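As stored in structure_9.pdb (PDB, C-alpha atoms):
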MODEL        1
ATOM      1  CA  MET A   1     -15.465  -6.908  19.437
ATOM      2  CA  GLU A   2     -11.702  -7.376  19.558
ATOM      3  CA  LYS A   3      -9.549  -4.699  17.905
ATOM      4  CA  ALA A   4      -7.968  -7.330  15.654
ATOM      5  CA  ASN A   5     -11.416  -8.318  14.367
ATOM      6  CA  LYS A   6     -12.386  -4.684  13.790
ATOM      7  CA  ARG A   7      -9.225  -4.223  11.761
ATOM      8  CA  ILE A   8     -10.001  -7.256   9.610
ATOM      9  CA  ILE A   9     -13.503  -5.962   8.874
ATOM     10  CA  TYR A  10     -12.154  -2.517   8.019
ATOM     11  CA  GLU A  11      -9.539  -3.919   5.647
ATOM     12  CA  ALA A  12     -11.794  -6.489   3.989
ATOM     13  CA  VAL A  13     -14.609  -3.988   3.400
ATOM     14  CA  LEU A  14     -12.096  -1.516   1.995
ATOM     15  CA  VAL A  15     -10.788  -4.187  -0.395
ATOM     16  CA  HIS A  16     -14.354  -5.051  -1.437
ATOM     17  CA  ASN A  17     -15.202  -1.404  -2.127
ATOM     18  CA  ALA A  18     -11.934  -0.879  -4.013
ATOM     19  CA  PHE A  19     -12.753  -3.884  -6.210
ATOM     20  CA  ASN A  20     -16.159  -2.428  -7.076
ATOM     21  CA  ASN A  21     -14.592   0.958  -7.825
ATOM     22  CA  GLU A  22     -12.149  -0.639 -10.241
ATOM     23  CA  LEU A  23     -14.994  -2.418 -12.021
ATOM     24  CA  ASN A  24     -16.457   1.010 -12.756
ATOM     25  CA  GLY A  25     -13.208   1.858 -14.558
ATOM     26  CA  TYR A  26     -13.469  -0.950 -17.111
ATOM     27  CA  GLY A  27     -14.952   1.487 -19.604
ATOM     28  CA  ASP A  28     -12.121   4.010 -19.219
ATOM     29  CA  ALA A  29     -10.656   4.477 -22.698
ATOM     30  CA  VAL A  30      -7.247   5.445 -21.320
ATOM     31  CA  TYR A  31      -6.764   3.342 -18.167
ATOM     32  CA  SER A  32      -9.141   0.364 -18.507
ATOM     33  CA  ARG A  33      -6.326  -2.196 -18.339
ATOM     34  CA  HIS A  34      -4.936  -0.569 -15.206
ATOM     35  CA  HIS A  35      -8.378  -0.847 -13.587
ATOM     36  CA  GLN A  36      -8.663  -4.477 -14.667
ATOM     37  CA  GLN A  37      -5.262  -5.296 -13.181
ATOM     38  CA  ASN A  38      -6.171  -3.637  -9.883
ATOM     39  CA  ALA A  39      -9.521  -5.431  -9.791
ATOM     40  CA  ASP A  40      -7.683  -8.757 -10.134
ATOM     41  CA  TRP A  41      -5.496  -7.877  -7.154
ATOM     42  CA  TYR A  42      -8.436  -6.830  -4.989
ATOM     43  CA  ARG A  43     -10.414  -9.941  -5.924
ATOM     44  CA  SER A  44      -7.470 -12.076  -4.856
ATOM     45  CA  PHE A  45      -7.231 -10.232  -1.534
ATOM     46  CA  SER A  46     -10.939 -10.824  -0.865
ATOM     47  CA  ASP A  47     -10.510 -14.502  -1.681
ATOM     48  CA  ARG A  48      -7.572 -14.734   0.709
ATOM     49  CA  PHE A  49      -9.499 -13.057   3.522
ATOM     50  CA  ASN A  50     -12.323 -15.553   3.035
ATOM     51  CA  GLN A  51      -9.938 -18.497   2.899
ATOM     52  CA  ILE A  52      -7.911 -17.442   5.939
ATOM     53  CA  LEU A  53     -11.010 -16.848   8.041
ATOM     54  CA  GLY A  54     -13.020 -19.791   6.748
ATOM     55  CA  PHE A  55     -15.859 -17.550   5.580
ATOM     56  CA  LYS A  56     -18.394 -19.324   3.334
ATOM     57  CA  GLY A  57     -21.032 -16.604   3.040
ATOM     58  CA  GLN A  58     -21.774 -14.211   0.204
ATOM     59  CA  THR A  59     -22.488 -10.660   1.379
ATOM     60  CA  VAL A  60     -20.445  -8.007   3.172
ATOM     61  CA  ASP A  61     -22.960  -7.958   6.030
ATOM     62  CA  GLU A  62     -22.585 -11.708   6.463
ATOM     63  CA  PHE A  63     -18.804 -11.310   6.492
ATOM     64  CA  MET A  64     -18.938  -8.590   9.160
ATOM     65  CA  THR A  65     -21.245 -10.638  11.375
ATOM     66  CA  TYR A  66     -19.068 -13.718  10.971
ATOM     67  CA  VAL A  67     -15.736 -11.995  11.661
ATOM     68  CA  SER A  68     -17.072 -10.103  14.686
ATOM     69  CA  THR A  69     -17.253 -13.372  16.640
ATOM     70  CA  VAL A  70     -14.164 -15.160  15.297
ATOM     71  CA  ASN A  71     -11.419 -16.126  17.742
ATOM     72  CA  LEU A  72      -8.289 -15.905  15.623
ATOM     73  CA  THR A  73      -5.922 -18.849  15.747
ATOM     74  CA  PRO A  74      -2.134 -18.409  15.578
ATOM     75  CA  GLU A  75      -2.224 -19.796  12.028
ATOM     76  CA  GLN A  76      -4.835 -17.223  10.968
ATOM     77  CA  LYS A  77      -2.828 -14.407  12.538
ATOM     78  CA  ARG A  78       0.284 -15.497  10.641
ATOM     79  CA  ALA A  79      -1.646 -15.710   7.371
ATOM     80  CA  LEU A  80      -3.096 -12.224   7.881
ATOM     81  CA  PHE A  81       0.386 -10.922   8.652
ATOM     82  CA  GLU A  82       1.633 -12.310   5.329
ATOM     83  CA  LEU A  83      -1.312 -10.791   3.452
ATOM     84  CA  ARG A  84      -0.597  -7.367   4.943
ATOM     85  CA  LYS A  85       3.018  -7.607   3.763
ATOM     86  CA  GLU A  86       1.888  -7.591   0.117
ATOM     87  CA  PRO A  87       3.057  -4.342  -1.569
ATOM     88  CA  MET A  88      -0.258  -3.892  -3.403
ATOM     89  CA  PHE A  89      -2.141  -4.320  -0.131
ATOM     90  CA  LYS A  90       0.124  -1.709   1.483
ATOM     91  CA  LYS A  91      -0.616   0.602  -1.435
ATOM     92  CA  LEU A  92      -4.387   0.384  -0.998
ATOM     93  CA  MET A  93      -4.313   0.800   2.762
ATOM     94  CA  GLY A  94      -1.666   3.532   2.662
ATOM     95  CA  GLU A  95      -3.319   5.617  -0.031
ATOM     96  CA  THR A  96      -6.664   5.338   1.752
ATOM     97  CA  ALA A  97      -5.108   6.443   5.041
ATOM     98  CA  LEU A  98      -3.421   9.369   3.278
ATOM     99  CA  GLN A  99      -6.880  10.701   2.407
ATOM    100  CA  GLN A 100      -7.374  11.172   6.161
ATOM    101  CA  LYS A 101      -3.890  12.570   6.756
ATOM    102  CA  THR A 102      -5.031  16.057   7.810
ATOM    103  CA  GLU A 103      -6.553  14.818  11.065
ATOM    104  CA  LEU A 104      -3.369  12.921  11.866
ATOM    105  CA  GLU A 105      -1.160  15.915  11.049
ATOM    106  CA  ASN A 106      -3.295  18.171  13.226
ATOM    107  CA  ALA A 107      -2.914  15.804  16.163
ATOM    108  CA  LEU A 108       0.846  15.455  15.678
ATOM    109  CA  GLY A 109       1.460  19.129  14.881
ATOM    110  CA  ASP A 110       3.633  18.150  11.923
ATOM    111  CA  LYS A 111       3.405  17.496   8.197
ATOM    112  CA  ILE A 112       3.697  13.899   7.026
ATOM    113  CA  THR A 113       5.499  13.262   3.737
ATOM    114  CA  SER A 114       7.688  10.637   2.114
ATOM    115  CA  ASN A 115       9.576  13.192   0.005
ATOM    116  CA  GLY A 116      13.317  13.194   0.511
ATOM    117  CA  MET A 117      16.031  15.115  -1.320
ATOM    118  CA  THR A 118      15.473  16.630  -4.772
ATOM    119  CA  PHE A 119      18.019  16.157  -7.567
ATOM    120  CA  ALA A 120      18.131  17.832 -10.980
ATOM    121  CA  ASP A 121      19.760  16.549 -14.169
ATOM    122  CA  GLU A 122      19.165  16.745 -17.922
ATOM    123  CA  ASN A 123      15.885  14.890 -17.427
ATOM    124  CA  GLY A 124      14.587  17.420 -14.926
ATOM    125  CA  ALA A 125      14.039  17.308 -11.168
ATOM    126  CA  ARG A 126      13.736  13.973  -9.404
ATOM    127  CA  VAL A 127      12.567  13.604  -5.809
ATOM    128  CA  ALA A 128      13.903  10.745  -3.727
ATOM    129  CA  VAL A 129      11.831   8.877  -1.184
ATOM    130  CA  LYS A 130      13.085   9.180   2.383
ATOM    131  CA  THR A 131      15.259   6.277   3.450
ATOM    132  CA  GLU A 132      13.738   3.330   5.250
ATOM    133  CA  GLN A 133      15.692   4.294   8.376
ATOM    134  CA  GLN A 134      14.359   7.862   8.293
ATOM    135  CA  LEU A 135      10.799   6.653   7.882
ATOM    136  CA  GLU A 136      11.088   4.117  10.696
ATOM    137  CA  GLN A 137      12.462   6.818  13.003
ATOM    138  CA  GLU A 138       9.569   9.107  12.115
ATOM    139  CA  LEU A 139       7.074   6.311  12.701
ATOM    140  CA  ASP A 140       8.531   5.598  16.149
ATOM    141  CA  ALA A 141       8.493   9.294  17.073
ATOM    142  CA  TYR A 142       4.917   9.814  15.906
ATOM    143  CA  SER A 143       3.758   6.629  17.631
ATOM    144  CA  ASP A 144       5.275   7.908  20.886
ATOM    145  CA  LYS A 145       3.562  11.278  20.353
ATOM    146  CA  LEU A 146       0.162   9.634  19.950
ATOM    147  CA  SER A 147       0.769   7.597  23.119
ATOM    148  CA  GLU A 148       1.582  10.811  24.986
ATOM    149  CA  LEU A 149      -1.609  12.449  23.696
ATOM    150  CA  LEU A 150      -3.622   9.458  24.894
ATOM    151  CA  SER A 151      -1.932   9.471  28.310
ATOM    152  CA  SER A 152      -2.646  13.183  28.759
ATOM    153  CA  LYS A 153      -6.247  12.618  27.615
ATOM    154  CA  SER A 154      -5.741  15.065  24.747
ATOM    155  CA  ILE A 155      -7.317  12.421  22.512
ATOM    156  CA  SER A 156      -9.760   9.640  23.317
ATOM    157  CA  GLU A 157      -8.916   5.956  23.078
ATOM    158  CA  GLU A 158     -11.065   5.680  19.947
ATOM    159  CA  GLN A 159      -9.233   8.599  18.341
ATOM    160  CA  TYR A 160      -5.925   7.047  19.306
ATOM    161  CA  ASP A 161      -6.840   3.711  17.728
ATOM    162  CA  ASN A 162      -7.926   5.363  14.471
ATOM    163  CA  LEU A 163      -4.955   7.734  14.261
ATOM    164  CA  ASN A 164      -2.416   5.066  15.172
ATOM    165  CA  GLN A 165      -3.863   2.640  12.635
ATOM    166  CA  ASN A 166      -3.692   5.250   9.866
ATOM    167  CA  LEU A 167      -0.148   6.113  10.916
ATOM    168  CA  ASP A 168       0.868   2.459  10.548
ATOM    169  CA  TYR A 169      -0.807   2.178   7.144
ATOM    170  CA  ILE A 170       0.810   5.373   5.843
ATOM    171  CA  TYR A 171       4.309   4.501   6.977
ATOM    172  CA  GLY A 172       3.969   0.896   5.872
ATOM    173  CA  TYR A 173       3.233   2.285   2.414
ATOM    174  CA  TYR A 174       6.005   4.886   2.573
ATOM    175  CA  ILE A 175       8.572   2.274   3.614
ATOM    176  CA  SER A 176       7.415   0.002   0.797
ATOM    177  CA  ARG A 177       7.929   2.894  -1.632
ATOM    178  CA  SER A 178      11.399   3.513  -0.211
ATOM    179  CA  ARG A 179      12.280  -0.106  -0.903
ATOM    180  CA  GLY A 180      11.127   0.259  -4.517
ATOM    181  CA  GLU A 181       8.360  -2.297  -3.989
ATOM    182  CA  GLN A 182       5.657  -0.031  -5.426
ATOM    183  CA  LEU A 183       7.198   0.361  -8.895
ATOM    184  CA  PRO A 184       5.369  -2.654 -10.413
ATOM    185  CA  PHE A 185       2.029  -1.117  -9.399
ATOM    186  CA  ARG A 186       2.482   2.239 -11.104
ATOM    187  CA  LYS A 187      -0.455   3.612 -13.076
ATOM    188  CA  MET A 188      -0.059   2.823 -16.777
ATOM    189  CA  THR A 189      -2.166   3.777 -19.784
ATOM    190  CA  ASN A 190      -3.593   1.278 -22.250
ATOM    191  CA  ALA A 191      -1.097   2.587 -24.809
ATOM    192  CA  GLN A 192       1.791   1.782 -22.467
ATOM    193  CA  TYR A 193       0.508  -1.768 -21.999
ATOM    194  CA  GLU A 194       0.192  -2.152 -25.773
ATOM    195  CA  LYS A 195       3.747  -0.878 -26.294
ATOM    196  CA  ILE A 196       5.070  -3.487 -23.872
ATOM    197  CA  GLU A 197       3.107  -6.186 -25.711
ATOM    198  CA  GLN A 198       4.613  -5.080 -29.027
ATOM    199  CA  ASP A 199       8.129  -5.026 -27.582
ATOM    200  CA  ALA A 200       7.600  -8.493 -26.106
ATOM    201  CA  GLN A 201       6.638  -9.852 -29.524
ATOM    202  CA  GLU A 202       9.639  -8.225 -31.184
ATOM    203  CA  ASN A 203      11.966  -9.588 -28.510
ATOM    204  CA  GLY A 204      10.418 -13.060 -28.583
ATOM    205  CA  ILE A 205       9.594 -13.082 -24.877
ATOM    206  CA  SER A 206       6.399 -13.150 -22.838
ATOM    207  CA  PHE A 207       4.511 -10.042 -21.776
ATOM    208  CA  SER A 208       5.407 -10.648 -18.124
ATOM    209  CA  GLU A 209       9.115 -10.930 -18.974
ATOM    210  CA  GLN A 210       9.007  -7.690 -20.951
ATOM    211  CA  MET A 211       7.113  -5.950 -18.153
ATOM    212  CA  TYR A 212       9.758  -7.150 -15.709
ATOM    213  CA  GLN A 213      12.527  -5.644 -17.851
ATOM    214  CA  VAL A 214      10.737  -2.304 -18.050
ATOM    215  CA  THR A 215      10.219  -2.304 -14.303
ATOM    216  CA  GLN A 216      13.874  -3.170 -13.734
ATOM    217  CA  ASP A 217      14.937  -0.158 -15.819
ATOM    218  CA  LEU A 218      12.741   2.024 -13.636
ATOM    219  CA  ARG A 219      14.252   0.352 -10.594
ATOM    220  CA  TYR A 220      17.783   1.266 -11.727
ATOM    221  CA  ASP A 221      16.775   4.932 -12.030
ATOM    222  CA  PHE A 222      14.999   4.780  -8.686
ATOM    223  CA  ASP A 223      17.981   3.176  -6.935
ATOM    224  CA  GLU A 224      20.305   5.778  -8.445
ATOM    225  CA  VAL A 225      18.345   8.643  -6.892
ATOM    226  CA  GLN A 226      18.062   6.813  -3.574
ATOM    227  CA  GLU A 227      21.821   6.243  -3.531
ATOM    228  CA  LEU A 228      22.495   9.922  -4.262
ATOM    229  CA  GLN A 229      20.309  10.770  -1.311
ATOM    230  CA  SER A 230      22.114   8.298   0.934
ATOM    231  CA  GLN A 231      25.456   9.837  -0.026
ATOM    232  CA  GLY A 232      24.119  13.290   0.730
ATOM    233  CA  ILE A 233      22.869  12.188   4.119
ATOM    234  CA  ARG A 234      26.198  10.546   4.976
ATOM    235  CA  LYS A 235      28.066  13.730   4.095
TER
ENDMDL
END
Please rewrite the model in this file as structure tokens.
Amino acid sequence: MEKANKRIIYEAVLVHNAFNNELNGYGDAVYSRHHQQNADWYRSFSDRFNQILGFKGQTVDEFMTYVSTVNLTPEQKRALFELRKEPMFKKLMGETALQQKTELENALGDKITSNGMTFADENGARVAVKTEQQLEQELDAYSDKLSELLSSKSISEEQYDNLNQNLDYIYGYYISRSRGEQLPFRKMTNAQYEKIEQDAQENGISFSEQMYQVTQDLRYDFDEVQELQSQGIRK
């Protein structure tokens, strides 16, 4: 099976399992709405996989069998590329890869983190995310290191494929965080959702408009810390 097809199966099965996990959270008294929102995202990703690949079956096993023999067209490759650019997709794949980070760190001989500079003010300590440039440089360096390990036969080709894929997922997620793209997908309690609904009614706007305003306020704070870090780096 082609590596591209293996990757599709891995991602689609992960999305399917994540959807089922979120369904189990519907009864959570504190975070049920967060689980429902995530489930909607994962359902949409599954639908897009099926649409892109032309899959008409029902089960995961049928999907795996079907995809294993698919010859991807340029149009399908472009559509998959666009799907993988989605911040919520990067979040799922990145956070899953981070659960396997220890093996990657052991191979690289270094700790992997997105934490940048720490700043303290009247609201307490705030940790910036490393800049996009820093993260891209790290990704390039670690990718080269894995290639060297493969060339020296310190790791097998299968290990290399798995480690390199997780590295890409982790840094894709980190870079998305550095851009502020992950703020809309923060974990919120039911009470926080209800507060936004109340504020929307008082302000005479829709829930989505009120949510956007709240997220923008968070974005201003986020950008402020990132700018402080950039100034510190330039100095």
Output of the PyMOL selection byres ((chain A and resi 153-162) around 10), listed as a PDB file with C-alpha atoms, keeping the file's coordinate frame:
ATOM      1  CA  LYS A   3      -9.549  -4.699  17.905  1.00  0.00           C
ATOM      2  CA  ALA A  97      -5.108   6.443   5.041  1.00  0.00           C
ATOM      3  CA  GLU A 103      -6.553  14.818  11.065  1.00  0.00           C
ATOM      4  CA  LEU A 104      -3.369  12.921  11.866  1.00  0.00           C
ATOM      5  CA  ALA A 107      -2.914  15.804  16.163  1.00  0.00           C
ATOM      6  CA  SER A 143       3.758   6.629  17.631  1.00  0.00           C
ATOM      7  CA  LEU A 146       0.162   9.634  19.950  1.00  0.00           C
ATOM      8  CA  SER A 147       0.769   7.597  23.119  1.00  0.00           C
ATOM      9  CA  GLU A 148       1.582  10.811  24.986  1.00  0.00           C
ATOM     10  CA  LEU A 149      -1.609  12.449  23.696  1.00  0.00           C
ATOM     11  CA  LEU A 150      -3.622   9.458  24.894  1.00  0.00           C
ATOM     12  CA  SER A 151      -1.932   9.471  28.310  1.00  0.00           C
ATOM     13  CA  SER A 152      -2.646  13.183  28.759  1.00  0.00           C
ATOM     14  CA  LEU A 163      -4.955   7.734  14.261  1.00  0.00           C
ATOM     15  CA  ASN A 164      -2.416   5.066  15.172  1.00  0.00           C
ATOM     16  CA  GLN A 165      -3.863   2.640  12.635  1.00  0.00           C
ATOM     17  CA  ASN A 166      -3.692   5.250   9.866  1.00  0.00           C
ATOM     18  CA  LEU A 167      -0.148   6.113  10.916  1.00  0.00           C
TER      19      LEU A 167
END
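Between atom CA of Val67 of chain A and atom CA of Asn5 of chain A the interatomic distance comes to 6.3 Å.
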request  = Please provide as a ChimeraX atom specification all residues within 10 Å of segment 7-21 of chain A, with the sequence filter that same-chain residues fewer than 2 positions apart are discarded (counting all atoms listed in the file).
outcome  = /A:2-5,23-26,35-36,38-50,53,60-61,63-68,80,84,89,92-93,96,165
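Note that the spacing between atom CA of Asp221 of chain A and atom CA of Arg177 of chain A amounts to 13.8 Å.
What separates atom CA of Leu183 of chain A from atom CA of Lys91 of chain A is a distance of 10.8 Å.
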inquiry  = Can you translate the PyMOL selection byres ((chain A and resi 211) around 9) into the concrete residues it hits in this file, as an MDAnalysis selection string?
reply    = chainID A and resid 184 193 196:197 200 206:210 212:216
